[in-house]
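A.B. asks: Contents are mmCIF, C-alpha atoms; file name work-v5.cif:
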```
data_work
loop_
_atom_site.label_atom_id
_atom_site.label_comp_id
_atom_site.auth_asym_id
_atom_site.auth_seq_id
_atom_site.Cartn_x
_atom_site.Cartn_y
_atom_site.Cartn_z
CA MET A 1 -9.15 3.61 -7.37
CA SER A 2 -10.47 3.08 -10.87
CA THR A 3 -7.55 4.63 -12.71
CA ALA A 4 -4.34 2.71 -13.32
CA GLN A 5 -1.37 2.88 -15.60
CA PRO A 6 -2.36 1.95 -19.17
CA THR A 7 -2.65 -1.70 -20.11
CA LYS A 8 -3.94 -3.30 -23.26
CA LYS A 9 -5.73 -5.97 -21.20
CA ASN A 10 -8.03 -3.48 -19.40
CA ILE A 11 -8.34 -5.74 -16.33
CA ARG A 12 -10.63 -4.65 -13.49
CA TRP A 13 -10.93 -6.06 -9.98
CA LEU A 14 -13.43 -5.42 -7.23
CA PRO A 15 -11.92 -3.03 -4.66
CA LEU A 16 -10.88 -4.21 -1.20
CA GLU A 17 -12.39 -2.61 1.87
CA SER A 18 -10.07 -0.60 4.12
CA ASN A 19 -10.72 -2.88 7.07
CA PRO A 20 -8.00 -4.60 9.14
CA GLU A 21 -10.14 -7.70 9.66
CA VAL A 22 -10.62 -8.09 5.90
CA LEU A 23 -6.92 -7.51 5.22
CA ASP A 24 -5.87 -10.01 7.91
CA LYS A 25 -8.03 -12.76 6.43
CA TYR A 26 -6.83 -11.83 2.95
CA VAL A 27 -3.14 -12.13 3.77
CA ARG A 28 -3.65 -15.41 5.66
CA ASP A 29 -5.06 -16.89 2.47
CA LEU A 30 -2.10 -15.43 0.58
CA GLY A 31 0.23 -17.31 2.91
CA VAL A 32 1.29 -14.60 5.39
CA PRO A 33 1.26 -16.12 8.90
CA ALA A 34 0.63 -14.43 12.22
CA PRO A 35 1.79 -12.34 13.95
CA TRP A 36 1.77 -10.15 10.80
CA ARG A 37 -1.53 -8.27 10.90
CA TYR A 38 -3.15 -4.90 10.23
CA ALA A 39 -4.51 -2.46 12.80
CA ASP A 40 -6.49 0.77 12.57
CA VAL A 41 -4.71 4.01 13.40
CA MET A 42 -7.51 5.77 15.26
CA GLY A 43 -6.13 9.28 14.89
CA LEU A 44 -3.16 11.29 13.66
CA ASP A 45 -2.46 13.12 16.91
CA GLU A 46 0.65 12.04 18.79
CA GLU A 47 -1.23 10.92 21.90
CA LEU A 48 -3.40 8.58 19.82
CA LEU A 49 -0.36 7.10 18.07
CA ALA A 50 0.71 5.71 21.43
CA PHE A 51 -2.14 3.20 21.11
CA VAL A 52 -0.90 1.82 17.76
CA PRO A 53 0.56 -1.66 18.36
CA GLN A 54 4.30 -1.79 17.85
CA PRO A 55 6.42 -2.58 15.97
CA VAL A 56 4.94 -0.99 12.83
CA HIS A 57 6.49 -2.15 9.56
CA ALA A 58 4.31 -0.33 7.01
CA VAL A 59 1.45 2.14 6.88
CA ILE A 60 -1.39 1.94 4.37
CA LEU A 61 -3.32 5.12 3.66
CA LEU A 62 -6.76 5.29 2.04
CA PHE A 63 -7.75 8.70 0.71
CA PRO A 64 -10.02 10.38 -1.86
CA CYS A 65 -8.72 11.16 -5.32
CA THR A 66 -9.87 14.74 -5.87
CA PRO A 67 -8.91 17.39 -8.42
CA LYS A 68 -6.62 18.94 -5.79
CA TYR A 69 -4.80 15.65 -5.40
CA GLU A 70 -4.51 15.10 -9.15
CA GLU A 71 -3.01 18.58 -9.55
CA PHE A 72 -0.58 17.91 -6.71
CA CYS A 73 0.56 14.65 -8.38
CA LYS A 74 1.18 16.49 -11.64
CA GLU A 75 3.32 19.12 -9.89
CA GLU A 76 5.13 16.47 -7.86
CA ARG A 77 6.09 14.52 -10.96
CA GLN A 78 7.30 17.66 -12.75
CA ARG A 79 9.46 18.53 -9.75
CA ILE A 80 10.99 15.07 -9.43
CA ASP A 81 11.55 14.72 -13.17
CA LYS A 82 13.41 18.05 -13.08
CA ASP A 83 15.34 17.76 -9.81
CA GLY A 84 15.60 13.99 -9.38
CA GLN A 85 15.44 12.01 -6.14
CA THR A 86 17.29 9.23 -4.36
CA VAL A 87 15.55 5.83 -4.37
CA SER A 88 17.09 2.82 -2.67
CA SER A 89 17.75 -0.12 -4.96
CA ASN A 90 16.29 -2.28 -2.18
CA ILE A 91 12.78 -0.85 -2.60
CA VAL A 92 10.40 -3.29 -4.32
CA PHE A 93 7.91 -1.36 -6.47
CA TYR A 94 4.93 -2.69 -8.43
CA PRO A 95 3.16 -0.44 -10.96
CA GLN A 96 -0.62 -0.77 -10.93
CA THR A 97 -2.10 -1.71 -14.30
CA ILE A 98 -5.28 -3.34 -12.93
CA ALA A 99 -8.19 -0.99 -12.25
CA ASN A 100 -9.49 -0.98 -8.64
CA ALA A 101 -6.56 -3.14 -7.47
CA CYS A 102 -5.00 -0.43 -5.29
CA GLY A 103 -5.96 -2.26 -2.07
CA THR A 104 -3.98 -5.29 -3.15
CA MET A 105 -1.15 -3.01 -4.29
CA GLY A 106 -0.97 -1.48 -0.81
CA VAL A 107 -0.93 -4.91 0.83
CA LEU A 108 1.55 -6.25 -1.72
CA HIS A 109 3.95 -3.35 -1.17
CA SER A 110 3.74 -3.70 2.60
CA ILE A 111 4.56 -7.42 2.45
CA ALA A 112 7.11 -7.36 -0.38
CA ASN A 113 9.28 -4.67 1.15
CA ASN A 114 9.40 -6.33 4.55
CA TRP A 115 9.92 -9.82 3.15
CA ALA A 116 12.76 -8.52 0.99
CA ARG A 117 14.62 -7.33 4.11
CA GLY A 118 15.28 -10.97 4.94
CA GLY A 119 14.40 -12.54 8.24
CA LEU A 120 11.68 -10.10 9.31
CA LEU A 121 8.72 -11.69 7.56
CA LYS A 122 8.50 -15.43 7.06
CA LEU A 123 6.03 -16.47 4.37
CA LYS A 124 4.34 -19.84 3.98
CA GLU A 125 6.31 -22.16 1.72
CA GLY A 126 4.30 -22.78 -1.44
CA GLY A 127 1.91 -19.97 -0.51
CA VAL A 128 0.41 -17.65 -3.11
CA ILE A 129 2.34 -14.54 -2.07
CA LYS A 130 5.71 -16.26 -1.58
CA ASN A 131 5.49 -17.87 -5.01
CA PHE A 132 4.56 -14.53 -6.56
CA LEU A 133 7.31 -12.57 -4.83
CA GLU A 134 9.99 -15.10 -5.65
CA LYS A 135 8.88 -15.00 -9.28
CA THR A 136 8.83 -11.21 -9.54
CA VAL A 137 11.28 -9.62 -7.08
CA ASN A 138 14.16 -9.59 -9.58
CA LEU A 139 12.05 -8.40 -12.51
CA SER A 140 11.71 -4.83 -13.76
CA PRO A 141 8.68 -2.87 -12.48
CA ALA A 142 6.95 -3.24 -15.86
CA GLU A 143 7.54 -7.00 -15.83
CA ARG A 144 6.18 -7.19 -12.27
CA ALA A 145 2.98 -5.46 -13.36
CA THR A 146 2.54 -7.93 -16.21
CA ALA A 147 3.13 -10.85 -13.84
CA LEU A 148 0.38 -9.57 -11.54
CA GLU A 149 -2.01 -9.23 -14.46
CA GLU A 150 -1.34 -12.87 -15.37
CA ASP A 151 -1.45 -14.35 -11.84
CA THR A 152 -4.91 -15.93 -11.73
CA THR A 153 -4.30 -17.52 -8.32
CA LEU A 154 -3.62 -14.21 -6.60
CA ALA A 155 -6.56 -12.64 -8.46
CA ALA A 156 -8.87 -15.37 -7.18
CA VAL A 157 -7.80 -14.78 -3.56
CA HIS A 158 -8.35 -11.05 -4.03
CA GLU A 159 -11.84 -11.64 -5.43
CA ASN A 160 -12.79 -13.86 -2.50
CA HIS A 161 -11.99 -11.10 -0.03
CA ALA A 162 -13.18 -8.10 -2.06
CA SER A 163 -16.74 -9.31 -1.47
CA THR A 164 -16.34 -9.35 2.33
CA GLY A 165 -16.42 -6.53 4.87
CA GLN A 166 -18.97 -4.13 6.27
CA THR A 167 -19.76 -2.05 3.20
CA ALA A 168 -21.74 -3.02 0.12
CA THR A 169 -19.62 -4.53 -2.63
CA PRO A 170 -19.58 -2.25 -5.71
CA ASP A 171 -20.19 -3.54 -9.20
CA LEU A 172 -17.15 -4.48 -11.22
CA ALA A 173 -17.80 -1.64 -13.66
CA ASP A 174 -18.07 1.02 -10.95
CA ASN A 175 -15.49 3.79 -10.78
CA VAL A 176 -13.99 4.07 -7.30
CA ASP A 177 -12.58 7.46 -6.27
CA LEU A 178 -10.70 6.20 -3.20
CA HIS A 179 -7.10 5.08 -3.41
CA PHE A 180 -4.59 3.14 -1.29
CA VAL A 181 -0.88 3.89 -1.00
CA CYS A 182 1.75 2.22 1.17
CA LEU A 183 4.47 3.91 3.22
CA VAL A 184 7.61 1.99 4.22
CA GLU A 185 11.05 2.76 5.63
CA ARG A 186 14.09 1.43 3.85
CA ASP A 187 17.76 2.27 4.15
CA GLY A 188 17.11 5.35 6.27
CA HIS A 189 14.39 6.94 4.15
CA LEU A 190 10.60 6.90 4.06
CA TYR A 191 9.04 5.90 0.73
CA GLU A 192 5.54 6.26 -0.67
CA LEU A 193 4.65 3.33 -2.92
CA ASP A 194 1.75 4.14 -5.22
CA GLY A 195 1.36 1.91 -8.25
CA ASN A 196 -0.31 4.74 -10.16
CA LYS A 197 2.85 6.83 -9.96
CA PRO A 198 5.84 6.10 -12.20
CA TYR A 199 8.24 5.50 -9.31
CA PRO A 200 8.47 5.42 -5.50
CA ILE A 201 8.42 8.82 -3.79
CA ASN A 202 11.18 9.56 -1.28
CA HIS A 203 9.73 11.58 1.63
CA GLY A 204 13.03 12.09 3.41
CA PRO A 205 14.97 10.58 6.30
CA SER A 206 13.39 8.04 8.61
CA SER A 207 14.33 5.09 10.79
CA LYS A 208 12.73 2.00 12.27
CA ASP A 209 12.19 3.85 15.54
CA SER A 210 10.68 7.01 14.03
CA PHE A 211 8.89 5.39 11.10
CA LEU A 212 5.31 5.58 12.42
CA PHE A 213 5.60 9.25 13.34
CA ASP A 214 7.32 10.08 10.02
CA ALA A 215 4.61 8.21 8.09
CA ILE A 216 1.86 10.07 9.93
CA LYS A 217 3.48 13.39 8.98
CA VAL A 218 3.10 12.33 5.35
CA ALA A 219 -0.49 11.18 5.97
CA LYS A 220 -1.33 14.59 7.45
CA LYS A 221 -0.20 16.25 4.22
CA PHE A 222 -2.76 14.15 2.31
CA VAL A 223 -5.47 15.31 4.71
CA GLU A 224 -4.37 18.95 4.53
CA ARG A 225 -4.81 18.96 0.76
CA ASP A 226 -8.54 18.21 1.17
CA PRO A 227 -9.40 19.14 4.77
CA GLU A 228 -13.16 19.11 4.17
CA ASN A 229 -13.14 15.52 2.89
CA LEU A 230 -13.61 12.90 5.61
CA ASN A 231 -12.83 9.82 3.49
CA PHE A 232 -9.42 9.10 4.98
CA SER A 233 -8.24 6.08 6.93
CA VAL A 234 -4.85 4.82 8.08
CA ILE A 235 -3.88 1.21 8.77
CA ALA A 236 -0.62 -0.02 10.29
CA ALA A 237 1.03 -3.32 9.42
CA THR A 238 2.41 -4.76 12.65
CA THR A 239 3.82 -7.94 14.15
CA ALA A 240 2.42 -7.20 17.61
CA GLU A 241 0.56 -10.09 19.18
CA GLU A 242 -3.20 -9.55 19.43
CA ASP A 243 -2.99 -9.72 23.24
CA ASP A 244 -0.78 -6.60 23.10
CA TYR A 245 -3.66 -4.38 21.96
#
```
Can you turn what I pasted into structure tokens?

C.D. replies:
Amino acid sequence: MSTAQPTKKNIRWLPLESNPEVLDKYVRDLGVPAPWRYADVMGLDEELLAFVPQPVHAVILLFPCTPKYEEFCKEERQRIDKDGQTVSSNIVFYPQTIANACGTMGVLHSIANNWARGGLLKLKEGGVIKNFLEKTVNLSPAERATALEEDTTLAAVHENHASTGQTATPDLADNVDLHFVCLVERDGHLYELDGNKPYPINHGPSSKDSFLFDAIKVAKKFVERDPENLNFSVIAATTAEEDDY
């Protein structure tokens, strides 16, 4: 997505393709070892969810940013600012201040929030992502955003993989009207992590066992807001072995 929270540096990246193969190669170069990988969710119906490799640790949703969605975000923020919400202190949230970086934000949120659990996700020592997370996990969200702007190593890995995939690579100056968000479960609640929003969004109770189905309920709401638009895709972050699917 071309929009991002304001930054004086006006940094732009090439967008990542919503493609599990691209994301898998990307995170390997970041220092995320197998069996962590990404898999397409082929449909939102319950019978199709049975084919999603388990366990699922995060869901990344790609969707179109339309006027209906922008109006919904405005109303959502007004409601939360008025009524408040509960957000676990264990959620790791990165604001997006780099235009077109929402693919990396989705990947970053999926990895950071599972790595921060401790023990679930082992990262390569000295790897790009482990160094970045260790440097930023205890910072404020604003400081994390600045650190990402200044991390030339991570930016270089992103650039290498933004030019791969099955679709034509857009020009750096192009505006992209598709956006990634990440859904994770933490401390008994499901959270939407969107770097273009001012804070995580709590979507209610969830658990490790029900997470995929709870996340798909949220994904369906995105689709229902623009039912005539077909530019939606859902990817699951899993630690299933490839032979399992």

A.B. asks: Report, in Å to a single decimal, how far apart atom CA of A:Asn196 and atom CA of A:Lys74 are.

C.D. replies: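 One can read the atom CA of A:Lys74 to atom CA of A:Asn196 distance as 11.9 Å.
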
A.B. asks: Out of A:Ser89, A:Pro64, A:Met105, A:Val218, which residue has the shortest atom-to-atom distance to A:Asn231 when counting all atoms listed in the file?

C.D. replies: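 That would be A:Pro64, the residue with the smallest distance to A:Asn231.
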
A.B. asks: Can you tell me, as a PDB file with C-alpha atoms, keeping the file's coordinate frame, what residues are no more than 8 Å from A:Lys208 when counting only C-alpha atoms, ignoring any on the same chain fewer than 2 positions away?

C.D. replies:
```pdb
ATOM      1  CA  HIS A  57       6.490  -2.150   9.560  1.00  0.00           C
ATOM      2  CA  GLU A 185      11.050   2.760   5.630  1.00  0.00           C
ATOM      3  CA  SER A 206      13.390   8.040   8.610  1.00  0.00           C
ATOM      4  CA  SER A 210      10.680   7.010  14.030  1.00  0.00           C
ATOM      5  CA  PHE A 211       8.890   5.390  11.100  1.00  0.00           C
TER       6      PHE A 211
END
```

A.B. asks: Find the distance between atom CA of A:Glu21 and atom CA of A:Val52 and write it in Å to one decimal.

C.D. replies: 15.5 Å

A.B. asks: Could you check which of A:Pro198, A:Pro95, A:Gly103, A:Gly118 is closest to A:Phe63, using all atoms listed in the file?

C.D. replies: A:Gly103

A.B. asks: Would you work out the distance separating atom CA of A:Arg225 from atom CA of A:Thr66, expressed in Å to one decimal?

C.D. replies: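 Here the two named atoms are 9.3 Å from each other.
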
A.B. asks: Measuring atom to atom with only C-alpha atoms, identify which of A:Glu228, A:Leu193, A:Ile216, A:Thr238 is nearest to A:Gly43.

C.D. replies: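 Nearest candidate to A:Gly43 out of A:Glu228, A:Leu193, A:Ile216, A:Thr238: A:Ile216.
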
A.B. asks: Output stretch 39-51 of chain A with N, CA, C and O atoms present, as a compact mmCIF listing (two decimals), in the coordinates of the input.

C.D. replies:
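Final output, out07.txt:
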```
# COMPACT_ATOMS: atom_id res chain seq x y z
N ALA A 39 -3.79 -3.09 11.71
CA ALA A 39 -4.51 -2.46 12.80
C ALA A 39 -4.88 -1.03 12.42
O ALA A 39 -4.09 -0.32 11.79
N ASP A 40 -6.07 -0.60 12.81
CA ASP A 40 -6.49 0.77 12.57
C ASP A 40 -5.63 1.75 13.35
O ASP A 40 -5.31 1.51 14.52
N VAL A 41 -5.29 2.86 12.71
CA VAL A 41 -4.71 4.01 13.40
C VAL A 41 -5.88 4.95 13.66
O VAL A 41 -6.45 5.51 12.71
N MET A 42 -6.26 5.10 14.92
CA MET A 42 -7.51 5.77 15.26
C MET A 42 -7.45 7.29 15.14
O MET A 42 -8.47 7.95 15.14
N GLY A 43 -6.26 7.85 15.06
CA GLY A 43 -6.13 9.28 14.89
C GLY A 43 -4.69 9.65 14.59
O GLY A 43 -3.78 8.86 14.81
N LEU A 44 -4.49 10.86 14.09
CA LEU A 44 -3.16 11.29 13.66
C LEU A 44 -2.44 12.12 14.71
O LEU A 44 -1.30 12.53 14.49
N ASP A 45 -3.10 12.38 15.84
CA ASP A 45 -2.46 13.12 16.91
C ASP A 45 -1.48 12.22 17.65
O ASP A 45 -1.72 11.02 17.79
N GLU A 46 -0.42 12.83 18.18
CA GLU A 46 0.65 12.04 18.79
C GLU A 46 0.17 11.18 19.94
O GLU A 46 0.61 10.04 20.11
N GLU A 47 -0.76 11.70 20.75
CA GLU A 47 -1.23 10.92 21.90
C GLU A 47 -1.99 9.67 21.46
O GLU A 47 -1.96 8.64 22.14
N LEU A 48 -2.67 9.74 20.32
CA LEU A 48 -3.40 8.58 19.82
C LEU A 48 -2.44 7.56 19.19
O LEU A 48 -2.73 6.36 19.18
N LEU A 49 -1.32 8.02 18.67
CA LEU A 49 -0.36 7.10 18.07
C LEU A 49 0.25 6.17 19.11
O LEU A 49 0.74 5.09 18.77
N ALA A 50 0.18 6.56 20.37
CA ALA A 50 0.71 5.71 21.43
C ALA A 50 -0.08 4.41 21.56
O ALA A 50 0.43 3.43 22.12
N PHE A 51 -1.30 4.39 21.02
CA PHE A 51 -2.14 3.20 21.11
C PHE A 51 -1.95 2.26 19.91
O PHE A 51 -2.54 1.18 19.87
```
